Structure formats: C-alpha cells, structure tokens
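These notes are about the structure you will find just below.
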Number of protein chains: 4
Amino acid sequence: MTAKQKQYLKDKIHEIIYEADTKPGKLFDVILLFVIIASILLVMLESVDSFDAKYHSFLNISEWVITILFTIEYIARIVSVKNPIKYIFSFYGIIDLLSTIPKYLSLFLTGTHSLVALRALRLMRVFRILKLTRYIGESTNFVRSLRRSRVKISVFLMFVFILCIILGTVMYLVESGNGSGFTSIPRSVYWAIVTLTTVGYGDIAPITPFGQFIASLIMIMGYGIIAIPTGIVGAEMTKKDRDRIPTNTTSCPNCAEPYHRDNAEFCHQCGSKLDD
Amino acid sequence: MTAKQKQYLKDKIHEIIYEADTKPGKLFDVILLFVIIASILLVMLESVDSFDAKYHSFLNISEWVITILFTIEYIARIVSVKNPIKYIFSFYGIIDLLSTIPKYLSLFLTGTHSLVALRALRLMRVFRILKLTRYIGESTNFVRSLRRSRVKISVFLMFVFILCIILGTVMYLVESGNGSGFTSIPRSVYWAIVTLTTVGYGDIAPITPFGQFIASLIMIMGYGIIAIPTGIVGAEMTKKDRDRIPTNTTSCPNCAEPYHRDNAEFCHQCGSKLDD
Amino acid sequence: MTAKQKQYLKDKIHEIIYEADTKPGKLFDVILLFVIIASILLVMLESVDSFDAKYHSFLNISEWVITILFTIEYIARIVSVKNPIKYIFSFYGIIDLLSTIPKYLSLFLTGTHSLVALRALRLMRVFRILKLTRYIGESTNFVRSLRRSRVKISVFLMFVFILCIILGTVMYLVESGNGSGFTSIPRSVYWAIVTLTTVGYGDIAPITPFGQFIASLIMIMGYGIIAIPTGIVGAEMTKKDRDRIPTNTTSCPNCAEPYHRDNAEFCHQCGSKLDD
Amino acid sequence: MTAKQKQYLKDKIHEIIYEADTKPGKLFDVILLFVIIASILLVMLESVDSFDAKYHSFLNISEWVITILFTIEYIARIVSVKNPIKYIFSFYGIIDLLSTIPKYLSLFLTGTHSLVALRALRLMRVFRILKLTRYIGESTNFVRSLRRSRVKISVFLMFVFILCIILGTVMYLVESGNGSGFTSIPRSVYWAIVTLTTVGYGDIAPITPFGQFIASLIMIMGYGIIAIPTGIVGAEMTKKDRDRIPTNTTSCPNCAEPYHRDNAEFCHQCGSKLDD
C-alpha cells in the first residue's frame with residue numbers, strides 16, 4: 001500500500017467517523033447509536049439475576065462482540081485523526097477508552113462488579129452523536145444566565161445542606177430512643193434532606209406528636225424556599241435582558257442622541273451618519 | 001322521502017351535532033357530555049370487583065345502551081357531514097370509532113381485558129365538546145413560548161433520563177447485595193427517577209450509610225435543577241418580549257428597513273426621514 | 001335605660017367589636033384571637049383518644065365556656081350593627097353562627113361526630129381579625145395576574161386530571177392481577193394523581209418491570225409539566241407589565257410624539273403643552 | 001512584657017484572626033474551617049451507636065482537643081478585639097460561646113443529650129469564614145425582591161397552614177374509625193401538610209375510596225398553588241424592573257422634577273429644556 005493509498009484510506013475513515021453530513025458518515029452514526037443503546041440494554045439486563053441465569057452465554061458473547069466493535073472504532077479514530085495524542089487525552093477519548101476496556105479487564109480481574117459502572121459510561125457517547133448540547137446551546141441567553149447563577153445556586157444548595165444538618169440534629173434529639181427511624185444524626189440528616197426536597201420516602205418518619213410538628217414546619221419551609229432557585233435564574237435573566245436592550249454605545253456625532261439599535265448606521269433622531 | 005327532504009334532514013342533523021350556538025345543538029352537547037361522563041364512571045366502577053360482582057347485569061346493559069347511543073351518533077355524524085371520508089380518518093373520527101366498538105368486539109373476542117383502554121379513550125371526546133383548547137389558546141404568547149421551548153424541554157428531560165441511568169448504575173453498585181431493593185440496574189434506574197423527580201415512593205430506599213449519602217446528593221441536585229424547565233419557558237417568554245418592545249411598525253420609505261426604535265424620526269440604516 | 005343611654009351603649013359595643021384602632025377595640029381583637037386559637041386547639045386535642053379519655057370533663061366545660069363567649073359576641077354583633085339582617089346573612093355572619101351552635105346542637109343530636117367540622121370553621125374567623133387578605137392584596141399586579149390566570153390554571157388542572165384517568169387505566173391494564181395495589185381503575189387513577197403531582201406515598205407502587213417503566217415516563221412527564229402553572233402566571237404578569245409601561249395615550253399636539261409619562265403635562269421632545 | 005509589646009501581640013492576633021487577606025490570616029481560616037468540619041463529623045459519628053461503642057475514648061479525647069482549641073480561639077478573640085463587650089454579645093460571639101461550652105457543661109450535668117444541639121451550632125461559624133452571604137448578596141435586586149416578598153410568602157405559608165388544618169379535619173371525619181392512620185385531628189393535619197407540600201411519606205394514607213378522592217383533590221390543588229411562591233418573588237422582581245427602566249437621572253433645572261423618559265429633551269412637567 002503506497003503512502004497515497006494510505007492517506008486516501010485515512011481520509012475516508014476520517015470522513016466516515018467524524019463527519020455527519022456525508023451519507024456513509026450518517027450511516028456510521030446511526031449504527032453506532034444502535035450499538036451503544038444495545039450495549040446499555042445488555043448491561044441492564046445482565047444485572048437482572050433471572051435474565052442473567054437464563055441467557056448468560058448470550059450476554060457474554062454479545063458483550064465480546066460489542067467490545068470488539070468498540071475496539072475497532074477506537075483504533076480507527078486514533079489512526080484517522082490528525083493529532084492522535086490530543087484525541088486520546090480529550091474528554092471523549094478517555095470516555096471511548098474506558099467504555100471499551102471493561103471486558104478485557106475482566107480477563108485479568110476476578111471481582112468484575114465495579115466494571116459495570118465503566119460500561120455505563122458508554123451512555124456519554126450518545127451526546128457526541130446526537131450533539132444534544134447544540135439544542136440547549138441555542139438559547140444562549142438562558143445558558144448564560146444559568147452559568148452566572150451557578151455559583152449562587154451552589155451556595156443556595158449548600159445553605160440547604162447546612163440547614164438539613166441542623167434540622168436533622170434537632171429531630172434526632174426529639175425522636176431518637178422511641179423506636180422510630182431516627183437512630184443516629186447522619187440518618188436524621190438524611191431524613192431532613194428527604195423531607196426538605198419534598199421527596200419523602202417514608203422509610204424514616206417521625207412518630208411522636210412533637211416530631212411531627214417540627215416535620216410539618218420543615219415541609220412548609222421547604223414549600224416556601226422552592227421558589228429560590230427559580231428566582232435566582234429569573235433574576236439573572238431579567239438582569240441580562242436589561243443590559244441587552246438593543247442599543248449600541250455610539251453617540252450621534254451631530255445631535256449626541258446616545259441610544260441606537262445595534263445595527264444602526266444613521267442617527268434615528270437627526271439622520272446624520274454614525275461613525276463606528 | 002324526496003331528495004329535498006333528505007337534504008333538510010341532513011342539514012338539521014348537522015346543525016344539532018356540529019353547531020353549539022343553536023338551542024338543539026347546545027342540548028345535544030350537554031346530553032352527550034353526560035353520556036360520556038356516565039360511560040367513564042361505568043368503566044371505572046366495572047373494574048371495582050365488589051361492585052362488578054353485585055351489579056354485573058346492570059353494568060352490562062348500561063354499556064350496551066351507551067354503545068348503541070354512540071353508534072347512532074357515529075352514523076349521524078357520517079351521514080350529515082359534507083365529506084364523510086375526511087371525518088372518518090380525522091383525529092376525532094378515529095376516537096369516535098374506537099370508543100364505540102369495544103362492546104361489539106367483546107362479542108367475538110374472549111379476553112376483553114384490554115378493550116377497557118379503548119373505552120377510556122371516550123374521555124378525549126370531552127375536549128371536542130368543551131373546546132378546552134380554546135381557553136389555553138388565548139394566551140398565544142405563552143403557548144408560542146411553550147411550543148418553541150418544547151424541543152429544549154424534551155432535551156432537558158432526556159438529560160434527566162440519561163443522568164438517572166448513570167446514577168441508578170452507581171447506586172446498584174453501592175447498594176446491591178445487602179437486602180435493599182436495588183436488585184438490578186433497571187430497578188435502580190427506576191429508583192433514581194423516583195428520587196430525582198421528588199416523587200419518592202419509598203418502596204425502594206437506600207439502607208447503607210454511603211447509599212444514603214449518594215441519595216442525599218441526588219435529591220439536593222434534583223431540588224436545584226427543578227428551576228430549569230421553568231427557566232426555559234421563562235427565557236422564551238422574555239425573548240419574545242424583547243423582540244416586541246423596542247420596534248415601531250413604520251417601514252422606511254427609502255430602504256424598507258422595517259425595525260426602528262419607537263421614537264425614531266430618521267431611518268437608522270439609510271438616514272432618510274421616516275413618515276409617521 | 002333611656003333611648004340615649006341605649007344608643008350610647010350600642011355605639012360603645014360597636015366601637016369595641018368593629019373598630020381595631022381604638023384601645024378597647026384592639027384588646028377585644030387580641031382576646032378574641034386567643035379564644036379562637038384555644039378553641040381550635042381544644043377541638044384538636046378532643047380528637048386524640050388518650051387525651052379525651054383523661055380530660056373529658058375539662059374539654060366539655062371548656063367547650064361550653066367558649067360556646068357561651070361566642071354566643072355573647074354573636075348577640076353583641078347583631079345588637080350593635082346598623083343592619084343586623086345584612087350581617088346575619090353575610091359571609092362572616094354565617095361563619096359566626098355555624099361556629100357557635102355545635103355545642104347547642106349536641107344537646108339534641110346523638111351522633112355529634114360531624115359537628116367537629118363546623119367547629120373547625122372557627123379558624124376562618126382568624127382572617128377577619130388579622131385582615132390577612134390585606135397583605136396579599138397589596139401586590140395588586142400579582143393578584144390580578146392570578147385572577148386572570150385562574151381559568152387557565154383550572155383548565156390545566158382539568159387536563160392533568162383527565163391525563164391521570166387515562167394513565168391510571170393504562171396502569172390498571174398493565175399491573176392488575178399480580179398482587180400489586182392496582183386492584184381497580186379508581187385506585188389506579190388515584191395512584192396516577194399521587195405520582196404525577198410528585199407526592200408519591202408508596203402505598204400503591206408498580207411491581208412489574210413494564211409498570212415501573214411506564215411509571216418512570218409519568219414521573220419524568222410530571223417533572224416537565226410542573227413549569228406550566230408558573231409559566232401561566234408569569235405570562236399574565238409580563239402581559240400586564242407591557243400594558244402598564246408608564247405611557248399615556250395623548251400625542252403631542254405640536255410634534256406628535258406619542259409616548260409620554262403618565263403624569264406628563266408638557267411634551268418631553270418639543271416642550272409644548274399637552275392637552276389632557 | 002511592656003505595654004508596647006502587649007499591644008504588638010494584640011495587633012498580631014487581631015490580624016491573624018480577623019483579617020483574611022494576610023497569609024497567616026488565610027492559614028488560620030483554613031485550619032479553623034477544618035477543625036469545625038472535623039468537629040461536626042465527630043458529633044455525627046458519636047450519635048451512631050456502633051461507632052460510639054467502638055471508639056468512645058477516641059471521640060471523647062477528640063472532643064476535648066476541639067473544645068480546648070475553641071476555648072483558646074474564643075479567649076484570643078476577646079483579647080484582641082477593640083470592644084470585647086460588643087463582640088461577646090454579638091451574634092457570632094454568642095455562637096462561639098455556645099459551641100465551646102458543651103464539653104465543660106457535661107462535667108457538671110449528667111443528661112448531656114441535649115448538648116448535642118449546641119455542638120451542631122458550630123456549623124454556623126462556617127458562614128463567617130466562607131463569607132457565604134457575600135455571594136448571595138451580590139444579586140442585590142433578587143435579595144431585595146426576596147426581602148420585600150418575605151411578608152407575602154409568610155402570609156401565603158400561613159394560608160397553607162390554615163388550609164391544612166381545615167383539610168385535615170375533613171379527612172379525619174372521612175377516614176377515622178376504619179383502621180387507617182387518621183386516628184386524631186393533629187395527625188390528620190400532619191398528613192394534610194405532608195400531602196399538600198408533595199412530600200408524601202405514605203406512613204399515613206387514605207384507604208377509603210372517598211378519602212382517596214378528597215386526597216386527589218388536595219394533591220391537584222397543591223400542584224396548582226406551587227406556582228404562587230415563585231409568582232410572588234417574580235412579581236416583586238418585575239415591579240423593581242418597571243420602576244427602573246423608563247427614567248433618566250437628569251433633574252429638570254427649572255422645576256427639579258427628577259423622573260423623565262430616557263430620551264426626554266424637555267421637562268414633561270414644566271416644559272423647560274433639559275440639559276444633558
């Protein structure tokens with residue numbers, strides 16, 4: 001094989017794998033999507049004991065087939081890309097490697113239980129194919145608001161967490177020692193989180209009247225503060241909006257009118273040319 | 001019966017069935033509404049074993065009466081409409097047919113269990129009578145925001161779903177094998193969805209301290225991301241608003257640029273005078 | 001007692017009962033508030049069997065004391081008001097009567113169980129004293145938005161209800177007959193409401209994998225549509241806002257500038273007088 | 001030690017403890033943060049019976065070490081601050097004292113159970129170090145909206161509470177006496193709060209069909225009114241916005257009217273020319 005043929009093959013593979021607009025590229029994406037989803041379904045089914053007992057060899061063979069397909073894809077990606085080192089250490093490069101190796105590792109390791117988590121990482125690869133982030137990304141204003149309110153929401157959630165530790169301690173003092181589930185502070189804190197977030201399993205629930213009274217206060221409080229995360233994002237959004245009302249900062253050189261549309265070339269008040 | 005009489009009868013039926021403004025049309029709508037609600041109540045009561053055992057023949061006869069009434073209505077609709085084919089294959093045409101035939105089908109089929117679902121479809125017919133969509137439709141700005149954010153909300157819900165698969169797998173690894181409900185990955189994913197959406201049945205709940213710690217993180221995360229669907233709709237709504245506020249409807253007589261500031265006197269693009 | 005003395009007494013009682021600004025009026029309000037809250041606490045404690053068994057006679061005497069106090073108040077209100085008939089048939093007049101008579105009725109009736117509900121109505125009287133509606137009423141813009149979106153929210157809740165009937169029927173078909181709680185359609189509908197509103201008791205929960213899959217879809221759907229009531233109110237609020245941006249509709253008679261502040265007397269663009 | 005040396009030492013301690021910008025000040029903050037978190041973890045672990053039984057002496061010694069560290073810090077704070085009395089009775093001064101003394105108190109008191117709550121107060125000290133309130137405080141518009149809507153949200157939560165008392169009483173009448181958990185009105189009110197806030201433990205759940213029907217109505221109502229707290233905050237936020245947009249900061253040189261439209265050239269009140 002000449003260097004030219006090699007290069008042609010490399011370009012062809014690159015086109016199939018990395019480009020989604022050509023026909024073989026699209027076909028590749030669709031097949032890969034199905035293989036990934038099939039692989040996730042197999043991981044799930046394997047964990048169902050009754051299914052695993054019945055179809056163990058089928059699951060084993062399928063997993064080998066998928067592993068080999070992923071291995072071929074991984075090698076093809078390295079071969080065809082211009083900068084293989086950069087790909088290997090990129091986010092998706094690491095995901096690709098980790099989601100391929102579990103079956104190989106299971107040959108050497110006996111306790112393969114935790115390798116299941118690695119196989120679940122395959123799901124992340126769906127994002128690359130579907131380019132889902134693009135749909136969210138469109139609404140740049142909302143995403144920017146979300147990003148700027150990230151710190152505030154984290155601080156809010158930390159407040160909630162600290163609140164839950166204090167409330168959990170109080171409930172432990174009130175409820176412990178009478179047969180209810182509040183056997184230790186960590187469990188009581190867990191209960192406070194379950195309650196304040198309105199999840200409410202009911203595996204731990206207050207049984208003394210006073211405990212139920214405090215629990216009621218916590219729930220009503222939780223109902224009141226659920227408006228806060230929405231409010232934080234909303235506040236950022238209106239702030240952004242006020243900033244973005246479509247004006248540009250050029251003042252008119254003739255009449256000094258300071259507010260113009262972003263794409264204005266002439267002053268809307270006196271008609272003279274604006275300089276950019 | 002002459003063709004003229006036929007036509008008159010057809011027009012009369014059409015008026016009664018399809019028009020809600022005339023007196024007989026209104027009466028027809030009210031009666032139909034009561035028959036539908038009665039029919040749904042009968043379907044519900046039939047499923048209550050103790051009630052079915054006691055009043056089986058009453059339920060059977062009632063269902064036949066309702067079926068016959070619906071049959072007459074269905075035939076009348078076909079006869080009186082101008083384009084019967086179009087009606088038969090329209091959304092409500094199919095709903096009408098499906099909600100009429102279950103009793104007839106039960107004569108030929110033995111396992112009539114799943115026909116109950118067809119009968120529940122009768123509820124959809126309530127929408128045609130009450131024209132409920134009209135009330136929602138009024139708020140066109142909100143509906144348009146909802147429609148435009150439909151894709152984003154779907155993508156968000158898909159993110160939530162994928163997140164739940166990954167979290168469910170992690171919880172399966174942490175909790176499985178110690179008597180808690182996390183017996184398989186699908187069940188753990190089900191638990192993750194129950195938790196993240198703050199439903200929280202409690203049929204499956206973590207029992208190890210580490211599992212409860214991860215569950216707490218999931219709940220607090222769920223509490224934080226509940227602001228996102230609201231935020232998406234809100235972002236679309238303010239976007240709409242921003243577009244509407246600072247434009248006036250005058251087009252420039254010179255360059256036809258349609259968007260100008262509310263108080264513009266000169267076109268911001270070509271500098272020519274705008275006429276109010 | 002002369003007619004003048006009578007009138008003086010009547011005015012004095014009126015001042016004490018109906019006016020909150022004078023010193024005796026304030027004192028009366030505070031005492032009444034405490035009597036109402038004490039009365040509600042007694043109703044609650046009476047329902048606790050262990051407490052009722054121990055302090056039955058105390059509860060009985062207290063209830064008589066409160067009933068007599070309320071009777072005196074009721075008579076005083078009728079005597080001192082200008083239009084007694086109007087008061088008696090007003091909202092609070094009926095509440096006052098109903099919350100006074102239960103103990104008298106218990107002399108004639110044996111099954112006094114349902115009279116408890118009448119006594120709970122006493123709580124409504126708290127609103128009159130605290131004038132709570134005033135605090136909410138301040139934010140007129142929000143209240144107006146809420147009132148205008150009332151129809152839409154009702155329609156939305158009706159949609160949710162119809163959705164729950166259909167989903168409940170589907171779950172009944174999937175889950176019934178394998179020992180889970182889905183024993184009838186009404187129960188399944190109840191479960192669907194419990195799930196979609198993210199309450200999630202767990203008294204009924206799907207046990208088949210397919211049932212859990214459908215339940216997951218319902219939960220994720222519920223998580224998505226929780227944005228709708230907030231969105232409806234929000235849409236009304238921004239609509240209102242757009243309408244209210246403080247402009248008045250007078251155009252300047254000199255330069256025809258159409259946008260002015262609500263209280264403008266001179267045109268802000270050319271300085272000529274505006275005619276109202 | 002001369003007075004000058006004393007003063008130097010005092011200044012040095014003040015710098016370390018109260019200033020976060022210098023190097024030793026930062027180090028002090030980081031160490032203190034770790035000690036506090038370690039202390040909270042010890043409080044939690046102590047409440048876990050199995051852990052306490054195994055490592056009782058370790059926990060006891062650790063608690064003494066932490067208590068002595070906190071004592072030194074408390075004394076250092078008093079010594080180095082300019083106004084010790086003011087510090088001692090300040091919010092954080094009281095928190096510091098209360099979180100230091102539990103171990104000393106346990107020497108004199110036998111039932112040290114409730115001292116655990118005092119030790120949980122140590123968490124509050126985290127706020128001083130991290131200055132978390134600063135992050136929230138940034139978004140002044142949102143915080144101001146939150147503060148102004150505090151009264152309204154409290155009134156709303158009080159409405160919810162009163163609603164729950166009435167609904168709880170109704171459910172008690174419907175469900176009591178048939179083996180369900182509705183054994184008294186207080187318990188029924190507790191259930192109503194659990195349901196309306198969508199927590200839903202399931203420790204108490206209606207079992208009669210009519211009870212489940214009322215419960216369904218309560219849940220759907222709860223789903224509808226969850227928009228209210230968000231709406232209240234949102235209304236305050238848009239109100240703020242409306243006030244801010246259409247004014248410019250120039251006062252009229254003639255009549256001193258301070259509010260003008262952004263593009264005003266003449267005063268809208270007296271008609272005199274505005275200078276930009």
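By convention here, the chains of the structure tokens are called A, B, ... in the order presented, each chain's residues are numbered starting at 1, and ligands are numbered starting at 1 in the order presented.
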Taking only C-alpha atoms into account, report as a PyMOL selection string which residues of chain C lie within 12 Å of chain A.
chain C and resi 45+48+195+197-203+209+227+230-231+234+238+269
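Computed from the coordinates, the atom CA of C:Ser145 to atom CA of D:Ile153 distance equals 16.6 Å.
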In Å and to one decimal, atom CA of B:Ile207 is distant from atom CA of B:Ser180 by 6.4 Å
Atom CA of C:Leu9 to atom CA of C:Leu27, distance in Å rounded to a single decimal
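Interatomic distance, atom CA of C:Leu9 to atom CA of C:Leu27: 17.8 Å.
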Can you list, as JSON, numbers by chain, all residues belonging to stretch 169-229 of chain B that DSSP tags as alpha helix (DSSP H)?
{"B": [169, 170, 171, 172, 173, 174, 175, 185, 186, 187, 188, 189, 190, 191, 192, 193, 194, 195, 196, 209, 210, 211, 212, 213, 214, 215, 216, 217, 218, 219, 220, 221, 222, 223, 224, 225, 227, 228, 229]}
Using the selection just defined, write its residues with C-alpha atoms as a PDB file, in the first residue's frame.
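The resulting out-v3.pdb:
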ATOM      1  CA  THR B 169     -25.971   2.190  37.962  1.00  0.00           C
ATOM      2  CA  VAL B 170     -23.844   3.812  40.671  1.00  0.00           C
ATOM      3  CA  MET B 171     -26.498   3.115  43.320  1.00  0.00           C
ATOM      4  CA  TYR B 172     -26.765  -0.508  42.107  1.00  0.00           C
ATOM      5  CA  LEU B 173     -23.029  -0.938  42.686  1.00  0.00           C
ATOM      6  CA  VAL B 174     -23.266   0.643  46.151  1.00  0.00           C
ATOM      7  CA  GLU B 175     -26.467  -0.935  47.457  1.00  0.00           C
ATOM      8  CA  ILE B 185     -29.866  -1.898  37.320  1.00  0.00           C
ATOM      9  CA  PRO B 186     -33.321  -1.308  35.777  1.00  0.00           C
ATOM     10  CA  ARG B 187     -34.841  -1.226  39.270  1.00  0.00           C
ATOM     11  CA  SER B 188     -32.083   1.162  40.425  1.00  0.00           C
ATOM     12  CA  VAL B 189     -32.717   3.423  37.432  1.00  0.00           C
ATOM     13  CA  TYR B 190     -36.417   3.354  38.336  1.00  0.00           C
ATOM     14  CA  TRP B 191     -35.442   4.364  41.871  1.00  0.00           C
ATOM     15  CA  ALA B 192     -33.236   7.206  40.558  1.00  0.00           C
ATOM     16  CA  ILE B 193     -36.147   8.581  38.516  1.00  0.00           C
ATOM     17  CA  VAL B 194     -38.495   8.286  41.518  1.00  0.00           C
ATOM     18  CA  THR B 195     -35.945  10.225  43.600  1.00  0.00           C
ATOM     19  CA  LEU B 196     -34.789  12.908  41.169  1.00  0.00           C
ATOM     20  CA  PRO B 209     -24.925   4.959  55.004  1.00  0.00           C
ATOM     21  CA  PHE B 210     -22.940   5.504  51.803  1.00  0.00           C
ATOM     22  CA  GLY B 211     -26.025   4.817  49.663  1.00  0.00           C
ATOM     23  CA  GLN B 212     -27.996   7.320  51.731  1.00  0.00           C
ATOM     24  CA  PHE B 213     -25.211   9.862  51.245  1.00  0.00           C
ATOM     25  CA  ILE B 214     -25.335   9.488  47.447  1.00  0.00           C
ATOM     26  CA  ALA B 215     -29.145   9.570  47.578  1.00  0.00           C
ATOM     27  CA  SER B 216     -28.915  12.870  49.506  1.00  0.00           C
ATOM     28  CA  LEU B 217     -26.708  14.345  46.778  1.00  0.00           C
ATOM     29  CA  ILE B 218     -29.194  13.218  44.115  1.00  0.00           C
ATOM     30  CA  MET B 219     -32.104  14.799  45.995  1.00  0.00           C
ATOM     31  CA  ILE B 220     -30.313  18.118  46.505  1.00  0.00           C
ATOM     32  CA  MET B 221     -29.347  18.057  42.822  1.00  0.00           C
ATOM     33  CA  GLY B 222     -32.980  17.383  41.909  1.00  0.00           C
ATOM     34  CA  TYR B 223     -34.015  20.341  44.070  1.00  0.00           C
ATOM     35  CA  GLY B 224     -31.556  22.552  42.178  1.00  0.00           C
ATOM     36  CA  ILE B 225     -32.470  21.506  38.633  1.00  0.00           C
ATOM     37  CA  ALA B 227     -35.706  25.505  38.173  1.00  0.00           C
ATOM     38  CA  ILE B 228     -34.580  24.535  34.662  1.00  0.00           C
ATOM     39  CA  PRO B 229     -37.924  23.740  32.935  1.00  0.00           C
TER      40      PRO B 229
END
Applying 9 Å and only C-alpha atoms, which residues near stretch 62-73 of chain D remain after dropping the ones on its own chain fewer than 6 positions away? List them as a PDB file with N, CA and C atoms, in the first residue's frame.
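Output saved as selection-v9.pdb:
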ATOM      1  N   ILE D  17      -6.604  36.576  63.304  1.00  0.00           N
ATOM      2  CA  ILE D  17      -7.972  36.085  63.472  1.00  0.00           C
ATOM      3  C   ILE D  17      -8.961  36.815  62.568  1.00  0.00           C
ATOM      4  N   VAL D  35     -11.114  22.343  61.438  1.00  0.00           N
ATOM      5  CA  VAL D  35     -11.447  21.950  62.807  1.00  0.00           C
ATOM      6  C   VAL D  35     -12.962  21.903  62.985  1.00  0.00           C
ATOM      7  N   ILE D  36     -13.653  22.907  62.452  1.00  0.00           N
ATOM      8  CA  ILE D  36     -15.115  22.940  62.586  1.00  0.00           C
ATOM      9  C   ILE D  36     -15.744  21.735  61.909  1.00  0.00           C
ATOM     10  N   ALA D  38     -14.335  18.884  61.099  1.00  0.00           N
ATOM     11  CA  ALA D  38     -13.977  17.677  61.845  1.00  0.00           C
ATOM     12  C   ALA D  38     -14.876  17.532  63.069  1.00  0.00           C
ATOM     13  N   SER D  39     -15.101  18.676  63.756  1.00  0.00           N
ATOM     14  CA  SER D  39     -15.916  18.663  64.964  1.00  0.00           C
ATOM     15  C   SER D  39     -17.347  18.210  64.666  1.00  0.00           C
ATOM     16  N   LEU D  42     -17.434  14.537  64.023  1.00  0.00           N
ATOM     17  CA  LEU D  42     -17.348  13.780  65.269  1.00  0.00           C
ATOM     18  C   LEU D  42     -18.700  13.735  65.973  1.00  0.00           C
ATOM     19  N   VAL D  43     -19.407  14.865  65.996  1.00  0.00           N
ATOM     20  CA  VAL D  43     -20.737  14.898  66.612  1.00  0.00           C
ATOM     21  C   VAL D  43     -21.647  13.881  65.942  1.00  0.00           C
ATOM     22  N   ASP D  96     -20.065  31.484  69.184  1.00  0.00           N
ATOM     23  CA  ASP D  96     -18.743  30.999  69.594  1.00  0.00           C
ATOM     24  C   ASP D  96     -18.774  30.435  71.001  1.00  0.00           C
ATOM     25  N   LEU D  97     -19.433  31.164  71.919  1.00  0.00           N
ATOM     26  CA  LEU D  97     -19.506  30.708  73.303  1.00  0.00           C
ATOM     27  C   LEU D  97     -20.285  29.390  73.392  1.00  0.00           C
ATOM     28  N   SER D  99     -20.899  27.153  71.207  1.00  0.00           N
ATOM     29  CA  SER D  99     -20.296  25.984  70.562  1.00  0.00           C
ATOM     30  C   SER D  99     -19.028  25.532  71.279  1.00  0.00           C
ATOM     31  N   THR D 100     -18.600  26.298  72.257  1.00  0.00           N
ATOM     32  CA  THR D 100     -17.388  25.921  73.014  1.00  0.00           C
ATOM     33  C   THR D 100     -17.727  25.198  74.315  1.00  0.00           C
ATOM     34  N   ILE D 101     -18.803  25.623  74.986  1.00  0.00           N
ATOM     35  CA  ILE D 101     -19.039  25.159  76.364  1.00  0.00           C
ATOM     36  C   ILE D 101     -19.630  23.763  76.549  1.00  0.00           C
ATOM     37  N   PRO D 102     -20.238  23.094  75.531  1.00  0.00           N
ATOM     38  CA  PRO D 102     -20.917  21.828  75.829  1.00  0.00           C
ATOM     39  C   PRO D 102     -20.073  20.834  76.619  1.00  0.00           C
ATOM     40  N   LYS D 103     -18.782  20.701  76.246  1.00  0.00           N
ATOM     41  CA  LYS D 103     -17.957  19.695  76.933  1.00  0.00           C
ATOM     42  C   LYS D 103     -17.727  20.077  78.396  1.00  0.00           C
ATOM     43  N   TYR D 104     -17.564  21.381  78.665  1.00  0.00           N
ATOM     44  CA  TYR D 104     -17.424  21.812  80.060  1.00  0.00           C
ATOM     45  C   TYR D 104     -18.696  21.521  80.847  1.00  0.00           C
TER      46      TYR D 104
END
